[in-house]
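Student: Data file my_file10.cif (mmCIF, C-alpha atoms) is appended below.
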```cif
data_input
loop_
_atom_site.label_atom_id
_atom_site.label_comp_id
_atom_site.auth_asym_id
_atom_site.auth_seq_id
_atom_site.Cartn_x
_atom_site.Cartn_y
_atom_site.Cartn_z
CA MET T 1 0.00 0.00 0.00
CA SER T 2 2.79 2.41 0.87
CA SER T 3 4.58 1.61 -2.40
CA PHE T 4 1.40 2.31 -4.37
CA PHE T 5 0.87 5.58 -2.51
CA SER T 6 4.48 6.64 -3.15
CA LYS T 7 4.25 5.93 -6.85
CA ARG T 8 0.96 7.81 -7.33
CA LEU T 9 2.17 10.81 -5.32
CA LEU T 10 5.38 11.01 -7.34
CA GLU T 11 3.51 10.86 -10.66
CA LYS T 12 1.07 13.53 -9.52
CA PHE T 13 3.92 15.75 -8.47
CA LEU T 14 5.80 15.40 -11.75
CA LYS T 15 2.66 16.12 -13.82
CA ALA T 16 1.53 19.07 -11.70
CA ASP T 17 2.22 22.73 -12.35
CA SER T 18 5.91 22.76 -11.53
CA CYS T 19 5.80 26.56 -11.21
CA HIS T 20 4.03 26.00 -7.91
CA PHE T 21 5.49 22.65 -6.76
CA ALA T 22 9.16 22.84 -7.76
CA SER T 23 10.11 24.63 -4.56
CA ASP T 24 8.60 21.75 -2.52
CA VAL T 25 10.83 19.01 -3.91
CA THR T 26 12.66 18.53 -0.62
CA ALA T 27 9.48 18.10 1.37
CA VAL T 28 7.95 15.73 -1.18
CA SER T 29 11.08 13.63 -1.47
CA SER T 30 11.25 13.33 2.30
CA LEU T 31 7.59 12.28 2.50
CA ILE T 32 7.91 9.61 -0.18
CA GLY T 33 11.22 8.44 1.20
CA SER T 34 9.58 7.82 4.55
CA ARG T 35 7.04 5.55 2.80
CA GLY T 36 9.57 3.26 1.25
CA GLN T 37 11.05 4.99 -1.80
CA PRO T 38 14.53 6.52 -1.48
CA ALA T 39 14.47 10.31 -1.41
CA ALA T 40 17.53 10.42 -3.71
CA CYS T 41 15.57 8.51 -6.34
CA VAL T 42 12.73 11.00 -6.15
CA ARG T 43 15.07 13.95 -6.53
CA ARG T 44 16.85 12.27 -9.45
CA ARG T 45 13.57 11.65 -11.29
CA PHE T 46 12.50 15.21 -10.56
CA GLU T 47 15.67 16.67 -12.06
CA GLN T 48 15.54 14.35 -15.09
CA SER T 49 11.95 15.42 -15.80
CA GLY T 50 13.09 19.00 -16.45
CA ALA T 51 10.76 20.40 -13.81
CA ALA T 52 13.72 21.59 -11.78
CA ARG T 53 14.35 24.18 -14.46
CA GLN T 54 10.75 25.37 -14.52
CA PRO T 55 10.95 28.13 -11.89
CA GLU T 56 13.34 30.08 -14.10
CA ARG T 57 11.00 29.64 -17.06
CA CYS T 58 8.01 30.66 -14.98
CA LEU T 59 9.82 33.79 -13.84
CA ARG T 60 10.43 34.78 -17.44
CA VAL T 61 6.79 34.17 -18.32
CA ARG T 62 5.56 36.27 -15.42
CA THR T 63 7.80 39.19 -16.38
CA MET T 64 6.36 39.05 -19.91
CA GLU T 65 2.73 39.45 -18.81
CA CYS T 66 0.93 42.48 -20.18
CA ARG T 67 0.34 45.08 -17.48
CA GLN T 68 -2.76 46.45 -19.13
CA THR T 69 -3.76 48.66 -16.20
CA ALA T 70 -0.35 50.36 -16.17
CA VAL T 71 -0.38 50.73 -19.97
CA SER T 72 -3.81 52.38 -19.94
CA PHE T 73 -2.90 54.63 -17.01
CA LEU T 74 0.33 55.84 -18.61
CA SER T 75 -1.32 56.31 -22.01
CA TRP T 76 -4.14 58.45 -20.65
CA GLY T 77 -1.58 60.26 -18.53
CA LEU T 78 0.22 61.25 -21.75
CA ILE T 79 -3.02 62.48 -23.27
CA VAL T 80 -4.03 64.54 -20.23
CA GLY T 81 -0.46 65.76 -19.80
CA GLY T 82 -0.33 66.75 -23.45
CA VAL T 83 -3.44 68.89 -23.11
CA ALA T 84 -2.07 70.53 -19.96
CA TYR T 85 1.30 71.18 -21.61
CA LEU T 86 -0.42 72.64 -24.67
CA LEU T 87 -2.41 75.06 -22.51
CA HIS T 88 0.74 75.99 -20.59
CA GLN T 89 2.61 76.81 -23.79
CA THR T 90 -0.12 79.15 -24.95
CA ARG T 91 1.20 81.49 -22.23
CA ILE T 92 4.93 80.74 -22.23
CA CYS T 93 7.23 78.53 -24.27
CA ALA T 94 9.20 75.74 -22.62
CA LEU T 95 12.26 77.33 -21.03
CA TYR T 96 15.19 75.86 -22.92
CA GLY T 97 17.15 76.79 -26.01
CA ARG T 98 16.67 80.47 -26.91
CA TYR T 99 14.17 80.85 -24.06
CA THR T 100 16.50 79.67 -21.25
CA PRO T 101 16.58 82.05 -18.25
CA THR T 102 20.09 83.33 -17.66
CA SER T 103 19.90 82.49 -13.94
CA TRP T 104 19.33 78.75 -14.45
CA ARG T 105 22.10 76.21 -14.05
CA CYS T 106 22.88 74.40 -17.26
CA CYS T 107 25.02 71.59 -18.58
CA PRO T 108 26.75 71.39 -21.98
CA ALA T 109 24.35 70.83 -24.85
CA ARG T 110 25.89 67.55 -26.01
CA LEU T 111 25.87 65.98 -22.55
CA GLY T 112 22.42 67.31 -21.77
CA TRP T 113 20.82 65.97 -24.95
CA PHE T 114 22.47 62.61 -24.48
CA LEU T 115 21.37 62.19 -20.87
CA GLN T 116 17.80 63.25 -21.43
CA GLU T 117 17.16 61.25 -24.61
CA VAL T 118 19.08 58.00 -24.06
CA PRO T 119 16.52 56.40 -21.66
CA SER T 120 14.08 56.06 -24.58
CA LEU T 121 16.76 54.02 -26.34
CA LEU T 122 18.00 51.91 -23.44
CA VAL T 123 14.72 51.02 -21.71
CA PRO T 124 13.06 49.44 -24.80
CA LEU T 125 16.36 47.78 -25.70
CA LEU T 126 16.57 46.14 -22.27
CA LEU T 127 12.96 44.99 -22.54
CA LEU T 128 13.68 43.52 -25.97
CA LEU T 129 16.79 41.67 -24.79
CA ARG T 130 15.00 40.25 -21.74
CA THR T 131 11.97 39.08 -23.68
CA GLU T 132 11.85 35.53 -25.02
CA GLN T 133 9.05 35.29 -27.54
CA PRO T 134 9.21 32.36 -29.98
CA ASP T 135 6.45 33.95 -32.08
CA PRO T 136 6.43 37.72 -31.54
CA GLY T 137 3.95 38.33 -34.37
CA PRO T 138 4.36 40.49 -37.46
CA GLY T 139 5.64 43.98 -36.99
CA ARG T 140 6.17 44.20 -33.24
CA THR T 141 9.95 44.01 -33.26
CA LEU T 142 10.06 46.24 -36.35
CA LEU T 143 7.95 48.89 -34.63
CA LEU T 144 10.04 48.80 -31.48
CA CYS T 145 13.22 49.14 -33.54
CA THR T 146 11.56 52.06 -35.35
CA PHE T 147 10.96 53.78 -32.01
CA MET T 148 14.55 53.10 -30.92
CA LEU T 149 15.92 54.31 -34.27
CA HIS T 150 14.64 57.81 -33.60
CA TYR T 151 16.17 57.88 -30.15
CA PHE T 152 19.44 56.41 -31.37
CA TYR T 153 19.65 59.37 -33.72
CA ARG T 154 18.56 61.84 -31.05
CA SER T 155 20.76 60.57 -28.19
CA VAL T 156 23.87 59.45 -30.06
CA ILE T 157 24.14 61.25 -33.40
CA TYR T 158 22.29 64.52 -32.78
CA SER T 159 23.72 65.01 -29.30
CA PHE T 160 27.27 64.53 -30.63
CA LEU T 161 26.81 66.99 -33.50
CA THR T 162 24.64 69.67 -31.90
CA ARG T 163 25.82 73.26 -31.61
CA GLY T 164 22.90 74.32 -29.46
CA ARG T 165 22.83 76.26 -26.23
CA PRO T 166 23.56 74.61 -22.87
CA VAL T 167 20.54 72.74 -21.51
CA PRO T 168 19.06 73.65 -18.08
CA LEU T 169 19.63 70.88 -15.53
CA ARG T 170 15.97 70.77 -14.56
CA ILE T 171 14.99 70.27 -18.20
CA VAL T 172 17.47 67.40 -18.48
CA LEU T 173 15.97 65.78 -15.39
CA TYR T 174 12.34 66.19 -16.48
CA ALA T 175 13.09 65.00 -20.00
CA ALA T 176 15.01 61.94 -18.74
CA ILE T 177 12.05 60.96 -16.55
CA PHE T 178 9.65 61.41 -19.45
CA CYS T 179 11.85 59.41 -21.83
CA SER T 180 12.17 56.60 -19.28
CA ILE T 181 8.40 56.37 -18.88
CA SER T 182 7.63 56.63 -22.59
CA GLY T 183 10.37 54.13 -23.42
CA PHE T 184 8.88 51.62 -20.99
CA LEU T 185 5.34 52.28 -22.22
CA GLN T 186 6.14 51.78 -25.90
CA GLY T 187 8.47 48.84 -25.29
CA HIS T 188 6.17 46.98 -22.91
CA SER T 189 3.01 47.59 -24.93
CA LEU T 190 4.60 46.42 -28.17
CA LEU T 191 6.43 43.39 -26.79
CA HIS T 192 3.93 42.16 -24.22
CA CYS T 193 0.50 43.56 -25.12
CA ALA T 194 0.22 44.17 -28.87
CA ARG T 195 -1.50 41.54 -31.01
CA PHE T 196 -1.37 42.02 -34.76
CA GLN T 197 -3.51 39.91 -37.06
CA ASP T 198 -1.68 38.56 -40.07
CA THR T 199 -4.03 40.15 -42.63
CA TRP T 200 -3.55 42.32 -45.68
CA LEU T 201 -5.02 45.31 -43.82
CA THR T 202 -2.45 44.94 -41.04
CA LYS T 203 0.37 44.68 -43.56
CA VAL T 204 -0.83 47.76 -45.46
CA ARG T 205 -1.14 49.76 -42.25
CA LEU T 206 2.31 48.67 -41.03
CA THR T 207 3.92 49.45 -44.39
CA THR T 208 2.20 52.82 -44.74
CA GLY T 209 3.00 53.89 -41.20
CA PHE T 210 6.61 52.78 -41.49
CA LEU T 211 7.10 54.71 -44.74
CA VAL T 212 5.53 57.83 -43.24
CA PHE T 213 7.87 57.46 -40.26
CA LEU T 214 10.90 57.28 -42.57
CA VAL T 215 9.76 60.38 -44.46
CA GLY T 216 9.40 62.27 -41.18
CA LEU T 217 12.78 61.06 -39.92
CA THR T 218 14.42 62.20 -43.15
CA ILE T 219 12.84 65.66 -42.85
CA ASN T 220 13.88 65.84 -39.21
CA ILE T 221 17.52 64.92 -39.87
CA HIS T 222 17.79 67.20 -42.91
CA SER T 223 16.29 70.15 -41.01
CA ASP T 224 18.61 69.59 -38.05
CA ASN T 225 21.54 69.65 -40.45
CA ILE T 226 20.40 72.97 -41.95
CA LEU T 227 20.07 74.55 -38.51
CA ARG T 228 23.44 73.22 -37.38
CA ASN T 229 25.24 74.64 -40.42
CA LEU T 230 23.92 78.13 -39.64
CA ARG T 231 26.37 78.33 -36.74
CA LYS T 232 30.03 77.96 -36.16
CA PRO T 233 31.15 75.91 -33.13
CA GLY T 234 30.61 77.89 -29.94
CA GLU T 235 28.37 80.42 -31.67
CA TYR T 236 24.78 81.07 -30.60
CA THR T 237 23.77 83.54 -33.29
CA TYR T 238 20.38 83.07 -34.95
CA ARG T 239 19.98 83.29 -38.71
CA ILE T 240 17.15 82.62 -41.13
CA PRO T 241 17.18 78.96 -42.25
CA TYR T 242 16.61 78.19 -45.92
CA GLY T 243 16.19 74.97 -47.84
CA GLY T 244 14.15 71.81 -47.42
CA MET T 245 10.93 72.17 -45.47
CA PHE T 246 12.15 75.51 -44.12
CA GLU T 247 10.89 76.99 -47.36
CA PHE T 248 7.38 76.22 -46.09
CA VAL T 249 7.48 76.29 -42.27
CA SER T 250 9.61 77.83 -39.54
CA GLY T 251 9.64 74.64 -37.46
CA ALA T 252 10.70 72.21 -40.17
CA ASN T 253 12.54 69.97 -37.68
CA TYR T 254 9.44 69.83 -35.48
CA PHE T 255 7.23 69.15 -38.49
CA GLY T 256 9.44 66.19 -39.41
CA GLU T 257 9.24 64.76 -35.90
CA ILE T 258 5.45 65.10 -35.81
CA VAL T 259 5.24 63.25 -39.15
CA GLU T 260 7.46 60.54 -37.69
CA TRP T 261 5.26 59.83 -34.71
CA CYS T 262 2.04 60.06 -36.69
CA GLY T 263 3.41 57.35 -38.98
CA TYR T 264 4.45 55.32 -35.96
CA ALA T 265 0.96 55.63 -34.46
CA VAL T 266 -0.67 54.49 -37.70
CA ALA T 267 1.63 51.48 -37.90
CA ALA T 268 1.22 50.47 -34.25
CA TRP T 269 -2.51 51.33 -34.13
CA SER T 270 -2.63 51.28 -30.33
CA LEU T 271 -3.57 53.64 -27.52
CA PRO T 272 0.06 54.03 -26.26
CA ALA T 273 1.30 54.93 -29.76
CA PHE T 274 -1.48 57.44 -30.40
CA ALA T 275 -1.02 58.92 -26.93
CA PHE T 276 2.69 59.41 -27.58
CA ALA T 277 2.05 61.04 -30.96
CA PHE T 278 -0.58 63.30 -29.40
CA PHE T 279 1.78 64.39 -26.62
CA THR T 280 4.49 65.12 -29.20
CA ILE T 281 2.13 67.36 -31.16
CA CYS T 282 1.07 69.19 -27.99
CA SER T 283 4.70 69.57 -26.93
CA ILE T 284 6.59 70.73 -30.00
CA GLY T 285 3.74 72.15 -32.07
CA PRO T 286 3.41 75.27 -29.86
CA ARG T 287 7.19 75.54 -29.72
CA ALA T 288 7.29 75.81 -33.51
CA TYR T 289 4.73 78.62 -33.29
CA HIS T 290 6.86 80.49 -30.71
CA HIS T 291 9.92 80.06 -32.96
CA HIS T 292 7.92 81.45 -35.86
CA ARG T 293 6.98 84.54 -33.88
CA ASP T 294 10.56 84.95 -32.69
CA TYR T 295 11.89 84.82 -36.26
CA GLN T 296 9.39 87.46 -37.33
CA LYS T 297 10.48 89.77 -34.50
CA ARG T 298 14.22 89.26 -35.11
CA PHE T 299 14.22 89.62 -38.90
CA LYS T 300 12.25 92.23 -40.80
CA ASP T 301 12.93 90.39 -44.06
CA TYR T 302 11.64 87.05 -42.78
CA PRO T 303 9.66 85.27 -45.55
CA ARG T 304 5.98 86.08 -45.13
CA SER T 305 4.84 82.99 -46.99
CA ARG T 306 6.18 80.66 -44.31
CA LYS T 307 3.84 79.12 -41.81
CA ALA T 308 4.76 77.98 -38.31
CA ILE T 309 4.36 74.19 -38.39
CA VAL T 310 1.87 72.99 -41.05
CA PRO T 311 2.72 73.95 -44.67
CA PHE T 312 0.22 76.42 -46.21
CA LEU T 313 -2.11 76.20 -43.19
CA LEU T 314 -0.70 76.98 -39.75
#
```
Could you express the structure from this file as structure tokens?
Tutor:
Amino acid sequence: MSSFFSKRLLEKFLKADSCHFASDVTAVSSLIGSRGQPAACVRRRFEQSGAARQPERCLRVRTMECRQTAVSFLSWGLIVGGVAYLLHQTRICALYGRYTPTSWRCCPARLGWFLQEVPSLLVPLLLLLRTEQPDPGPGRTLLLCTFMLHYFYRSVIYSFLTRGRPVPLRIVLYAAIFCSISGFLQGHSLLHCARFQDTWLTKVRLTTGFLVFLVGLTINIHSDNILRNLRKPGEYTYRIPYGGMFEFVSGANYFGEIVEWCGYAVAAWSLPAFAFAFFTICSIGPRAYHHHRDYQKRFKDYPRSRKAIVPFLL
């Protein structure tokens, strides 16, 4: 009777959810051993079954669960924050760049841009490296790499080449916090929550959004290059930019970035992506308008046909 009981208990243990029972192997082996089966034999069969390795697997699975409540909370936080930031900028532009108060402590532009932008590159990258998905679905990794591509340019290439003004320390801190949160939101939602159906509509939307993103990124990089070439190293003089989208709008670099994130939102087709694009519009759209007004005040010969951010309209 004891032998039968030992055998059935061992089989039940090995077939059970090892995520819950693997930590009890010592107690089980001791119990069965006391009923006539050597504890060493039980442990050996347990290890040979592969269940001993299950806790590590279960830990990985748990870390990959979609935190839908957190995703929704952060997404709506971006939307509400975007509206609040938009209303704030109707009164005063964000205090960095040409609007930096002289009394604020600042750090060098290259270091500041790197520190504040790099979290949006590193956080999704860490999530990607720690995620084991045998079938991630079409487009998810591509979209995440698209997001990281922008921030690789912004934190590594742009920050190394910039000739901008020193960045206020408080702006660096706030921007680093924002980039950390947005990097986690986009990375987690794409890797752990997004589900794309393998249909022609999904493929068309992904392709269209990705192409729009590339167009926006190209405009952004080209416009940054035009602005950078207006200055010599160490110079903070402002001049009228010409060429590219600057022939149509004063904030050509901002226009390019808005196009980027609109394309990204179309491709991802999710609340976090749309929330991020919306916040971007609310953040840098008013800044382009303030730049436009500043150009008009500085230069009497500033082209009157130019708009602030949207060609021919606004």
Student: How far is it from CA of Ile258 (chain T) to CA of Arg239 (chain T), in Å with one decimal?
Tutor: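 So the answer is 23.5 Å.
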Student: So, counting all atoms listed in the file, which residue among T:Thr102, T:Ser75, T:Gln296, T:Thr162 is closest to Phe279 (chain T)?
Tutor: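 That would be T:Ser75, the residue with the smallest distance to Phe279 (chain T).
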Student: Excluding same-chain residues fewer than 3 positions from Thr208 (chain T), what lies within 9 Å of it counting only C-alpha atoms, as a ChimeraX atom specification?
Tutor: /T:203-205,211-213,263,266-267
Student: Go ahead and compute the interatomic distance for CA of Ile309 (chain T) and CA of Tyr151 (chain T), in Å to one decimal.
Tutor: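 Straight-line distance from CA of Ile309 (chain T) to CA of Tyr151 (chain T) works out to 21.8 Å.
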Student: Could you tell me how far CA of Tyr85 (chain T) sits from CA of Arg304 (chain T), in Å to one decimal place?
Tutor: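 These atoms are spaced 28.2 Å apart.
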